[in-house]
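Reproduced below: model_13.cif, with mmCIF, C-alpha atoms (C1' of nucleotides).
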```
data_query
#
loop_
_atom_site.label_atom_id
_atom_site.label_comp_id
_atom_site.auth_asym_id
_atom_site.auth_seq_id
_atom_site.Cartn_x
_atom_site.Cartn_y
_atom_site.Cartn_z
CA MET A 1 158.67 169.03 95.02
CA ILE A 2 160.31 166.64 92.63
CA SER A 3 163.79 167.49 91.45
CA GLN A 4 164.64 169.14 88.20
CA LYS A 5 166.52 165.99 87.31
CA ALA A 6 163.39 163.87 87.68
CA LYS A 7 161.44 166.27 85.53
CA TYR A 8 164.10 166.04 82.84
CA ALA A 9 164.11 162.25 83.04
CA LEU A 10 160.35 162.04 82.61
CA ARG A 11 160.34 164.53 79.77
CA ALA A 12 163.11 162.64 78.02
CA LEU A 13 161.24 159.35 78.35
CA VAL A 14 158.07 160.92 77.02
CA ALA A 15 160.04 162.29 74.09
CA LEU A 16 161.53 158.86 73.39
CA ALA A 17 158.10 157.28 73.58
CA LYS A 18 156.92 159.57 70.81
CA GLN A 19 159.64 158.38 68.43
CA PRO A 20 159.16 155.33 66.23
CA PRO A 21 160.52 152.37 68.21
CA GLY A 22 163.75 150.74 67.13
CA LYS A 23 165.29 153.90 65.75
CA PRO A 24 167.58 155.61 68.27
CA THR A 25 167.26 159.32 68.99
CA PHE A 26 170.24 161.63 69.54
CA ILE A 27 170.79 163.03 72.98
CA GLY A 28 171.40 166.38 71.35
CA GLU A 29 168.01 166.31 69.70
CA ILE A 30 166.16 165.58 72.93
CA ALA A 31 168.21 168.16 74.76
CA GLU A 32 167.35 170.83 72.25
CA THR A 33 163.66 170.18 71.78
CA GLN A 34 163.11 169.78 75.54
CA SER A 35 165.45 172.57 76.67
CA ILE A 36 167.57 170.28 78.81
CA PRO A 37 171.33 170.89 79.33
CA LYS A 38 172.93 168.28 77.14
CA LYS A 39 175.67 167.08 79.47
CA PHE A 40 173.21 166.84 82.31
CA LEU A 41 170.87 164.81 80.15
CA GLU A 42 173.71 162.44 79.32
CA GLN A 43 174.07 161.63 83.00
CA ILE A 44 170.36 161.11 83.41
CA LEU A 45 169.98 158.80 80.42
CA LEU A 46 173.03 156.85 81.47
CA ASP A 47 171.39 156.32 84.83
CA LEU A 48 168.16 155.19 83.23
CA LYS A 49 170.15 152.84 81.04
CA HIS A 50 171.80 151.24 84.05
CA HIS A 51 168.36 150.58 85.40
CA GLY A 52 167.19 148.99 82.20
CA LEU A 53 164.68 151.57 81.03
CA VAL A 54 166.47 152.69 77.90
CA ALA A 55 169.11 151.33 75.56
CA SER A 56 171.77 153.18 73.63
CA ARG A 57 173.76 152.69 70.48
CA ARG A 58 177.03 154.45 69.93
CA GLY A 59 178.58 155.91 66.87
CA LYS A 60 177.28 158.03 64.09
CA ALA A 61 173.88 156.39 63.83
CA GLY A 62 173.63 156.03 67.58
CA GLY A 63 171.33 157.46 70.19
CA TYR A 64 168.83 156.36 72.80
CA GLY A 65 165.61 154.45 72.68
CA LEU A 66 163.14 152.90 75.10
CA LEU A 67 164.12 149.39 76.09
CA ARG A 68 160.70 148.50 77.41
CA PRO A 69 157.27 149.42 76.06
CA ALA A 70 156.11 152.82 77.28
CA ASP A 71 153.09 151.32 79.00
CA THR A 72 155.30 149.28 81.33
CA ILE A 73 157.31 152.25 82.64
CA SER A 74 155.55 153.94 85.51
CA PHE A 75 156.19 157.42 86.83
CA GLY A 76 156.86 155.90 90.22
CA GLU A 77 159.63 153.71 88.89
CA VAL A 78 161.35 156.66 87.25
CA LEU A 79 161.06 158.84 90.32
CA ARG A 80 162.53 156.16 92.56
CA ILE A 81 165.52 155.79 90.26
CA VAL A 82 166.22 159.48 89.97
CA ASP A 83 165.03 161.01 93.22
CA GLY A 84 165.03 158.03 95.54
CA PRO A 85 162.18 157.12 97.88
CA ILE A 86 158.76 158.59 97.19
CA ALA A 87 157.49 158.21 100.74
CA PRO A 88 157.09 161.43 102.74
CA LEU A 89 158.78 159.85 105.77
CA PRO A 90 161.73 157.45 105.85
CA CYS A 91 159.74 155.08 108.06
CA LEU A 92 157.13 154.76 105.29
CA SER A 93 159.44 153.92 102.41
CA LYS A 94 159.19 150.51 100.82
CA ILE A 95 162.50 150.63 99.01
CA ALA A 96 164.55 152.41 101.68
CA TYR A 97 162.92 151.95 105.04
CA ARG A 98 164.65 153.72 107.85
CA ARG A 99 163.39 154.14 111.37
CA CYS A 100 162.78 157.70 112.53
CA GLU A 101 165.47 158.39 115.11
CA ASP A 102 163.22 160.49 117.24
CA CYS A 103 160.12 158.39 117.38
CA LYS A 104 159.41 156.25 120.36
CA GLU A 105 156.95 153.80 118.95
CA GLU A 106 156.09 153.50 115.31
CA ALA A 107 152.70 151.91 115.73
CA SER A 108 151.39 154.76 117.84
CA CYS A 109 153.00 157.62 115.92
CA GLU A 110 150.26 160.03 114.94
CA ILE A 111 152.34 161.71 112.26
CA ARG A 112 153.19 158.45 110.63
CA ARG A 113 149.59 157.34 110.56
CA VAL A 114 148.52 160.44 108.65
CA PHE A 115 151.38 160.37 106.19
CA ALA A 116 150.77 156.72 105.49
CA GLN A 117 147.52 157.91 103.88
CA VAL A 118 149.45 160.46 101.87
CA ALA A 119 151.92 157.84 100.72
CA ASP A 120 149.14 155.51 99.62
CA ALA A 121 147.40 158.24 97.70
CA THR A 122 150.60 159.33 95.99
CA ARG A 123 151.67 155.85 95.06
CA GLY A 124 148.17 155.16 93.81
CA VAL A 125 148.75 157.70 91.09
CA LEU A 126 152.45 157.36 90.40
CA ASP A 127 152.68 153.58 90.28
CA ARG A 128 149.64 153.23 88.07
CA THR A 129 150.46 155.96 85.57
CA THR A 130 152.86 155.05 82.79
CA ILE A 131 154.74 157.03 80.20
CA ALA A 132 152.21 155.77 77.66
CA ASP A 133 149.35 157.14 79.78
CA ALA A 134 151.02 160.52 79.86
CA LEU A 135 150.95 160.71 76.09
CA GLU A 136 147.20 160.40 75.90
CA ALA A 137 145.35 163.67 75.99
CA ARG A 138 142.74 162.32 78.38
CA LEU A 139 143.77 160.31 81.39
CA PRO A 140 142.68 156.68 81.48
CA ALA A 141 139.42 156.09 83.30
CA ARG A 142 141.00 154.11 86.12
CA LEU A 143 143.00 157.18 87.12
CA ARG A 144 140.24 159.73 86.71
CA ASP A 145 138.01 157.69 89.00
CA ALA A 146 140.65 157.18 91.64
CA VAL A 147 141.10 160.90 92.12
CA ALA A 148 137.58 162.21 91.74
CA MET B 1 160.07 163.64 102.00
CA ILE B 2 158.96 166.25 104.46
CA SER B 3 161.64 168.06 106.40
CA GLN B 4 162.74 167.22 109.90
CA LYS B 5 161.52 170.65 110.89
CA ALA B 6 158.00 169.91 109.67
CA LYS B 7 157.97 166.65 111.56
CA TYR B 8 159.03 168.47 114.72
CA ALA B 9 156.36 171.11 114.19
CA LEU B 10 153.62 168.54 113.79
CA ARG B 11 154.77 166.53 116.76
CA ALA B 12 154.89 169.65 118.90
CA LEU B 13 151.38 170.63 117.87
CA VAL B 14 150.09 167.16 118.63
CA ALA B 15 151.75 167.33 122.03
CA LEU B 16 150.16 170.70 122.72
CA ALA B 17 146.78 169.39 121.66
CA LYS B 18 147.03 166.70 124.30
CA GLN B 19 147.50 169.23 127.10
CA PRO B 20 144.53 170.80 128.87
CA PRO B 21 143.78 174.03 127.00
CA GLY B 22 144.52 177.38 128.61
CA LYS B 23 147.51 176.14 130.54
CA PRO B 24 150.79 176.80 128.74
CA THR B 25 153.37 174.03 128.29
CA PHE B 26 157.12 174.58 128.62
CA ILE B 27 159.20 174.35 125.50
CA GLY B 28 161.65 172.31 127.50
CA GLU B 29 159.00 169.77 128.38
CA ILE B 30 157.94 169.28 124.77
CA ALA B 31 161.55 169.12 123.63
CA GLU B 32 162.35 166.42 126.13
CA THR B 33 159.33 164.19 125.72
CA GLN B 34 159.48 164.44 121.92
CA SER B 35 163.27 164.27 121.56
CA ILE B 36 163.50 167.59 119.75
CA PRO B 37 166.55 169.88 120.12
CA LYS B 38 165.28 172.62 122.37
CA LYS B 39 166.73 175.64 120.58
CA PHE B 40 165.51 174.33 117.27
CA LEU B 41 162.05 173.87 118.71
CA GLU B 42 162.10 177.45 119.91
CA GLN B 43 162.54 178.65 116.34
CA ILE B 44 159.79 176.42 115.11
CA LEU B 45 157.26 177.45 117.74
CA LEU B 46 158.13 181.08 117.20
CA ASP B 47 157.38 180.61 113.54
CA LEU B 48 154.07 178.94 114.29
CA LYS B 49 153.24 181.78 116.64
CA HIS B 50 153.86 184.35 113.93
CA HIS B 51 151.37 182.49 111.81
CA GLY B 52 148.77 182.45 114.55
CA LEU B 53 148.69 178.75 115.35
CA VAL B 54 150.01 178.94 118.89
CA ALA B 55 150.31 181.54 121.63
CA SER B 56 153.00 181.98 124.24
CA ARG B 57 153.33 183.43 127.69
CA ARG B 58 156.68 184.50 129.03
CA GLY B 59 158.15 184.27 132.42
CA LYS B 60 158.34 181.56 134.99
CA ALA B 61 154.82 180.25 134.49
CA GLY B 62 155.06 180.72 130.75
CA GLY B 63 155.05 178.35 127.84
CA TYR B 64 153.14 177.60 124.67
CA GLY B 65 149.59 176.61 123.93
CA LEU B 66 147.36 176.18 120.90
CA LEU B 67 145.71 179.41 119.84
CA ARG B 68 143.07 177.70 117.73
CA PRO B 69 141.14 174.48 118.37
CA ALA B 70 143.05 171.42 117.24
CA ASP B 71 140.33 170.47 114.79
CA THR B 72 140.87 173.69 112.81
CA ILE B 73 144.58 173.17 112.24
CA SER B 74 145.22 171.01 109.21
CA PHE B 75 148.43 169.18 108.37
CA GLY B 76 148.50 171.04 105.09
CA GLU B 77 148.52 174.41 106.78
CA VAL B 78 151.42 173.44 109.02
CA LEU B 79 153.43 172.00 106.16
CA ARG B 80 152.97 175.12 104.06
CA ILE B 81 154.21 177.29 106.91
CA VAL B 82 157.25 175.19 107.66
CA ASP B 83 158.23 173.59 104.37
CA GLY B 84 156.60 175.86 101.84
CA PRO B 85 154.53 174.67 98.88
CA ILE B 86 153.15 171.15 98.95
CA ALA B 87 152.79 170.83 95.19
CA PRO B 88 155.25 168.48 93.45
CA LEU B 89 155.88 171.06 90.71
CA PRO B 90 156.16 174.83 91.04
CA CYS B 91 153.60 175.27 88.27
CA LEU B 92 151.03 173.40 90.38
CA SER B 93 151.37 175.35 93.59
CA LYS B 94 148.43 177.40 94.78
CA ILE B 95 150.34 179.51 97.25
CA ALA B 96 153.53 179.99 95.25
CA TYR B 97 152.82 179.43 91.60
CA ARG B 98 155.84 179.69 89.38
CA ARG B 99 156.05 178.82 85.74
CA CYS B 100 158.45 176.02 84.79
CA GLU B 101 161.27 177.72 82.91
CA ASP B 102 161.73 174.83 80.56
CA CYS B 103 158.18 174.08 79.56
CA LYS B 104 156.83 175.32 76.30
CA GLU B 105 153.13 175.15 76.93
CA GLU B 106 151.58 174.42 80.27
CA ALA B 107 148.27 173.13 78.98
CA SER B 108 149.88 170.40 76.92
CA CYS B 109 152.60 169.38 79.40
CA GLU B 110 152.29 165.67 79.98
CA ILE B 111 154.29 165.74 83.19
CA ARG B 112 152.18 168.48 84.66
CA ARG B 113 148.99 166.66 83.87
CA VAL B 114 150.06 163.59 85.78
CA PHE B 115 151.41 165.46 88.78
CA ALA B 116 148.24 167.49 88.99
CA GLN B 117 146.59 164.22 89.99
CA VAL B 118 149.27 163.64 92.60
CA ALA B 119 148.79 167.12 93.98
CA ASP B 120 145.05 166.66 94.26
CA ALA B 121 145.43 163.35 96.01
CA THR B 122 147.98 164.71 98.44
CA ARG B 123 146.01 167.81 99.25
CA GLY B 124 142.94 165.69 99.67
CA VAL B 125 144.55 164.08 102.67
CA LEU B 126 146.64 166.90 104.10
CA ASP B 127 144.06 169.65 103.93
CA ARG B 128 141.33 167.52 105.41
CA THR B 129 143.29 165.98 108.24
CA THR B 130 143.64 168.07 111.38
CA ILE B 131 145.76 167.81 114.48
CA ALA B 132 142.64 166.64 116.28
CA ASP B 133 142.16 163.84 113.74
CA ALA B 134 145.70 162.68 114.30
CA LEU B 135 144.99 162.14 117.98
CA GLU B 136 142.24 159.66 117.31
CA ALA B 137 143.33 156.05 117.09
CA ARG B 138 141.14 155.38 114.08
CA LEU B 139 141.07 157.79 111.22
CA PRO B 140 137.77 159.56 110.60
CA ALA B 141 135.53 157.81 108.08
CA ARG B 142 135.79 160.58 105.50
CA LEU B 143 139.52 159.98 105.22
CA ARG B 144 139.42 156.21 105.24
CA ASP B 145 136.96 156.25 102.37
CA ALA B 146 138.90 158.76 100.36
CA VAL B 147 141.94 156.56 100.25
CA ALA B 148 140.43 153.11 99.88
"C1'" DT C 1 166.64 190.07 142.79
"C1'" DG C 2 167.11 185.95 140.53
"C1'" DA C 3 165.65 182.04 138.05
"C1'" DA C 4 163.14 180.28 134.39
"C1'" DA C 5 161.37 180.95 130.07
"C1'" DC C 6 160.54 183.17 125.83
"C1'" DT C 7 162.47 186.38 121.69
"C1'" DA C 8 165.48 187.26 118.13
"C1'" DT C 9 169.38 187.22 115.13
"C1'" DA C 10 173.63 185.37 113.50
"C1'" DT C 11 176.45 181.72 112.30
"C1'" DT C 12 178.10 177.13 111.23
"C1'" DG C 13 178.78 172.76 108.98
"C1'" DT C 14 176.98 169.42 106.06
"C1'" DC C 15 174.74 167.67 102.33
"C1'" DC C 16 172.45 167.67 97.96
"C1'" DC C 17 171.07 169.71 93.66
"C1'" DT C 18 172.35 171.34 89.31
"C1'" DG C 19 175.36 171.72 85.98
"C1'" DT C 20 180.12 171.68 83.74
"C1'" DA C 21 184.63 169.70 82.13
"C1'" DG C 22 187.33 166.63 79.90
"C1'" DA C 23 189.34 162.46 78.62
"C1'" DG C 24 188.14 158.16 76.73
"C1'" DT C 25 185.58 154.62 73.79
"C1'" DA C 26 182.84 152.85 70.05
"C1'" DA C 27 180.70 152.87 65.47
"C1'" DG C 28 179.81 154.19 61.03
"C1'" DT C 29 181.78 156.42 56.59
"C1'" DA C 30 184.77 157.81 52.98
"C1'" DT D 1 192.72 153.53 57.79
"C1'" DA D 2 191.48 158.02 59.23
"C1'" DC D 3 187.92 160.92 60.57
"C1'" DT D 4 183.76 162.41 62.49
"C1'" DT D 5 180.06 161.92 65.48
"C1'" DA D 6 178.09 160.42 69.53
"C1'" DC D 7 177.93 157.90 73.66
"C1'" DT D 8 180.56 156.64 78.41
"C1'" DC D 9 182.37 157.71 82.62
"C1'" DT D 10 184.52 160.12 86.47
"C1'" DA D 11 185.42 164.13 88.81
"C1'" DC D 12 184.30 168.26 90.59
"C1'" DA D 13 182.55 172.97 91.71
"C1'" DG D 14 179.21 176.65 93.03
"C1'" DG D 15 175.04 177.60 95.45
"C1'" DG D 16 171.47 176.90 98.42
"C1'" DA D 17 168.76 174.45 101.74
"C1'" DC D 18 168.62 171.97 106.06
"C1'" DA D 19 169.63 171.16 110.89
"C1'" DA D 20 171.37 172.77 114.59
"C1'" DT D 21 174.01 175.80 117.75
"C1'" DA D 22 175.49 180.24 119.84
"C1'" DT D 23 174.76 184.35 121.88
"C1'" DA D 24 172.54 188.20 123.62
"C1'" DG D 25 168.51 190.14 125.29
"C1'" DT D 26 163.70 190.60 127.42
"C1'" DT D 27 159.77 189.40 130.30
"C1'" DT D 28 157.42 187.50 134.20
"C1'" DC D 29 156.76 185.60 138.55
"C1'" DA D 30 158.16 184.09 143.17
#
```

Let me see the structure of the file written as structure tokens.
Amino acid sequence: MISQKAKYALRALVALAKQPPGKPTFIGEIAETQSIPKKFLEQILLDLKHHGLVASRRGKAGGYGLLRPADTISFGEVLRIVDGPIAPLPCLSKIAYRRCEDCKEEASCEIRRVFAQVADATRGVLDRTTIADALEARLPARLRDAVA
Amino acid sequence: MISQKAKYALRALVALAKQPPGKPTFIGEIAETQSIPKKFLEQILLDLKHHGLVASRRGKAGGYGLLRPADTISFGEVLRIVDGPIAPLPCLSKIAYRRCEDCKEEASCEIRRVFAQVADATRGVLDRTTIADALEARLPARLRDAVA
DNA sequence: TGAAACTATATTGTCCCTGTAGAGTAAGTA
DNA sequence: TACTTACTCTACAGGGACAATATAGTTTCA
């Protein structure tokens, strides 16, 4: 299960992607249309800003906007920022590898071998799907094929 | 990330699958060889017993053993027992469907559409891989192909 | 009869998730 | 310049899940 926070982050990014670029959108507007607690959303967007996904302008005509084109922001990138590692086991994470305390030998670990397949399959979808993809009613062919 | 408990459960089942069938294995023996806290393992095995995966015999010559052949116990089944739903979103779970509170219309939810692909990919691996598969050094062809 | 092992429930401490609070800062507007 | 609006940032609190431990009891076999 992904966290509520990650879901909010993705929904906010999708909402921003729908706006005309260049014109900032109020936090309050996103919060209302997406049913996200406003103060919580502030934290989330601030976090995304620190990671260079969105930009903000203060003041009366302020708000948030995408900093990069929607087709360069993958679901995987967002999830890693908000929820941390995607891998199902710490010893399979690329961004935060950690050895399993209670595992004698990684190479011969049966559990690890199976979950490595899961991790590949998951990353195959998340790292190749962008916010722009999500907006399209039909999924791009490269993703439909990968899953079928 | 799967829970520590799920990892223990899978490792215990793999260990049991390695033993000659019919002869029970001590909890203490599994706990020691797998570096699992013994009392915690007791809870886990008890849980698996309630779900019909393993059987136990009490007394001095007691212990645990697989109740079903190892090639009929899938990783997915074990994870659902121990960790609950596998789906990344509650609205995508087959065993515990729950509507997302903050989602206007499920059919048009962009997030849901993407994570449905993730769920399919994940289940593709977990529901088709069994404890018996995990014991084999090379993964069965049907799984290798699915991921490549 | 006693040891070894399983059964079951209760409890504990820690950590994270979710959300709230409030003071502060910046930018446009009259 | 004063005012309003909105973003920035830090702190924190309640609840629940996770991981493990504690304790008491039961069964079986030697």

One-decimal distance in Å that lies between CA of Tyr8 in chain B and C1' of DT11 in chain C: 22.0 Å

Selection under test: the PyMOL selection byres ((chain D and resi 11) around 9); residues as an MDAnalysis selection string: (chainID C and resid 21) or (chainID D and resid 10 12)

At a cut-off of 12 Å, which residues of chain A touch chain D? Count all atoms listed in the file and give the answer as number ranges by chain. A: 24-29, 39, 41-43, 45-47, 49-50, 55-64

Near chain B, which residues of chain C fall within 12 Å when you count all atoms listed in the file, and what do they look like as an MDAnalysis selection string? chainID C and resid 2:9

Compute the post-superposition RMSD of the C-alpha atoms of chain A relative to chain B, with atoms paired in order and the fit done by least squares.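 Per the least-squares fit, the RMSD is 0.1 Å.
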
Could you check which residues have any atom within 12 Å of (149.9, 171.0, 123.4), counting all atoms listed in the file with coordinates taken straight from the file, and then list them as a count of residues only? 40

Interatomic distance between CA of Asp102 in chain B and CA of Gly124 in chain A?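 A separation of 27.3 Å between them.
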
Please rebuild range 37-50 of chain A with N, CA, C and O atoms and return the result as an mmCIF file, in the frame of the given file.
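The resulting selection15.cif:
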```
data_model
loop_
_atom_site.group_PDB
_atom_site.id
_atom_site.type_symbol
_atom_site.label_atom_id
_atom_site.label_comp_id
_atom_site.auth_asym_id
_atom_site.auth_seq_id
_atom_site.Cartn_x
_atom_site.Cartn_y
_atom_site.Cartn_z
ATOM 1 N N PRO A 37 169.877 170.824 79.527
ATOM 2 C CA PRO A 37 171.330 170.890 79.330
ATOM 3 C C PRO A 37 171.857 169.532 78.861
ATOM 4 O O PRO A 37 171.618 168.519 79.523
ATOM 5 N N LYS A 38 172.589 169.548 77.772
ATOM 6 C CA LYS A 38 172.930 168.280 77.140
ATOM 7 C C LYS A 38 173.764 167.362 78.033
ATOM 8 O O LYS A 38 173.477 166.181 78.163
ATOM 9 N N LYS A 39 174.793 167.931 78.649
ATOM 10 C CA LYS A 39 175.670 167.080 79.470
ATOM 11 C C LYS A 39 174.923 166.511 80.672
ATOM 12 O O LYS A 39 175.199 165.398 81.129
ATOM 13 N N PHE A 40 174.012 167.299 81.188
ATOM 14 C CA PHE A 40 173.210 166.840 82.310
ATOM 15 C C PHE A 40 172.305 165.688 81.853
ATOM 16 O O PHE A 40 172.167 164.667 82.539
ATOM 17 N N LEU A 41 171.743 165.850 80.687
ATOM 18 C CA LEU A 41 170.870 164.810 80.150
ATOM 19 C C LEU A 41 171.635 163.519 79.914
ATOM 20 O O LEU A 41 171.095 162.428 80.092
ATOM 21 N N GLU A 42 172.884 163.647 79.516
ATOM 22 C CA GLU A 42 173.710 162.440 79.320
ATOM 23 C C GLU A 42 173.761 161.614 80.606
ATOM 24 O O GLU A 42 173.563 160.406 80.601
ATOM 25 N N GLN A 43 174.023 162.307 81.701
ATOM 26 C CA GLN A 43 174.070 161.630 83.000
ATOM 27 C C GLN A 43 172.752 160.919 83.307
ATOM 28 O O GLN A 43 172.729 159.785 83.770
ATOM 29 N N ILE A 44 171.683 161.626 83.066
ATOM 30 C CA ILE A 44 170.360 161.110 83.410
ATOM 31 C C ILE A 44 170.047 159.864 82.585
ATOM 32 O O ILE A 44 169.633 158.833 83.115
ATOM 33 N N LEU A 45 170.294 159.940 81.286
ATOM 34 C CA LEU A 45 169.980 158.800 80.420
ATOM 35 C C LEU A 45 170.881 157.611 80.743
ATOM 36 O O LEU A 45 170.449 156.458 80.686
ATOM 37 N N LEU A 46 172.121 157.922 81.094
ATOM 38 C CA LEU A 46 173.030 156.850 81.470
ATOM 39 C C LEU A 46 172.485 156.116 82.694
ATOM 40 O O LEU A 46 172.502 154.883 82.775
ATOM 41 N N ASP A 47 171.973 156.880 83.626
ATOM 42 C CA ASP A 47 171.390 156.320 84.830
ATOM 43 C C ASP A 47 170.185 155.451 84.497
ATOM 44 O O ASP A 47 170.039 154.328 84.991
ATOM 45 N N LEU A 48 169.350 155.951 83.622
ATOM 46 C CA LEU A 48 168.160 155.190 83.230
ATOM 47 C C LEU A 48 168.560 153.922 82.476
ATOM 48 O O LEU A 48 167.892 152.893 82.571
ATOM 49 N N LYS A 49 169.668 154.018 81.757
ATOM 50 C CA LYS A 49 170.150 152.840 81.040
ATOM 51 C C LYS A 49 170.599 151.754 82.033
ATOM 52 O O LYS A 49 170.285 150.583 81.881
ATOM 53 N N HIS A 50 171.319 152.190 83.038
ATOM 54 C CA HIS A 50 171.800 151.240 84.050
ATOM 55 C C HIS A 50 170.651 150.542 84.763
ATOM 56 O O HIS A 50 170.817 149.466 85.319
#
```
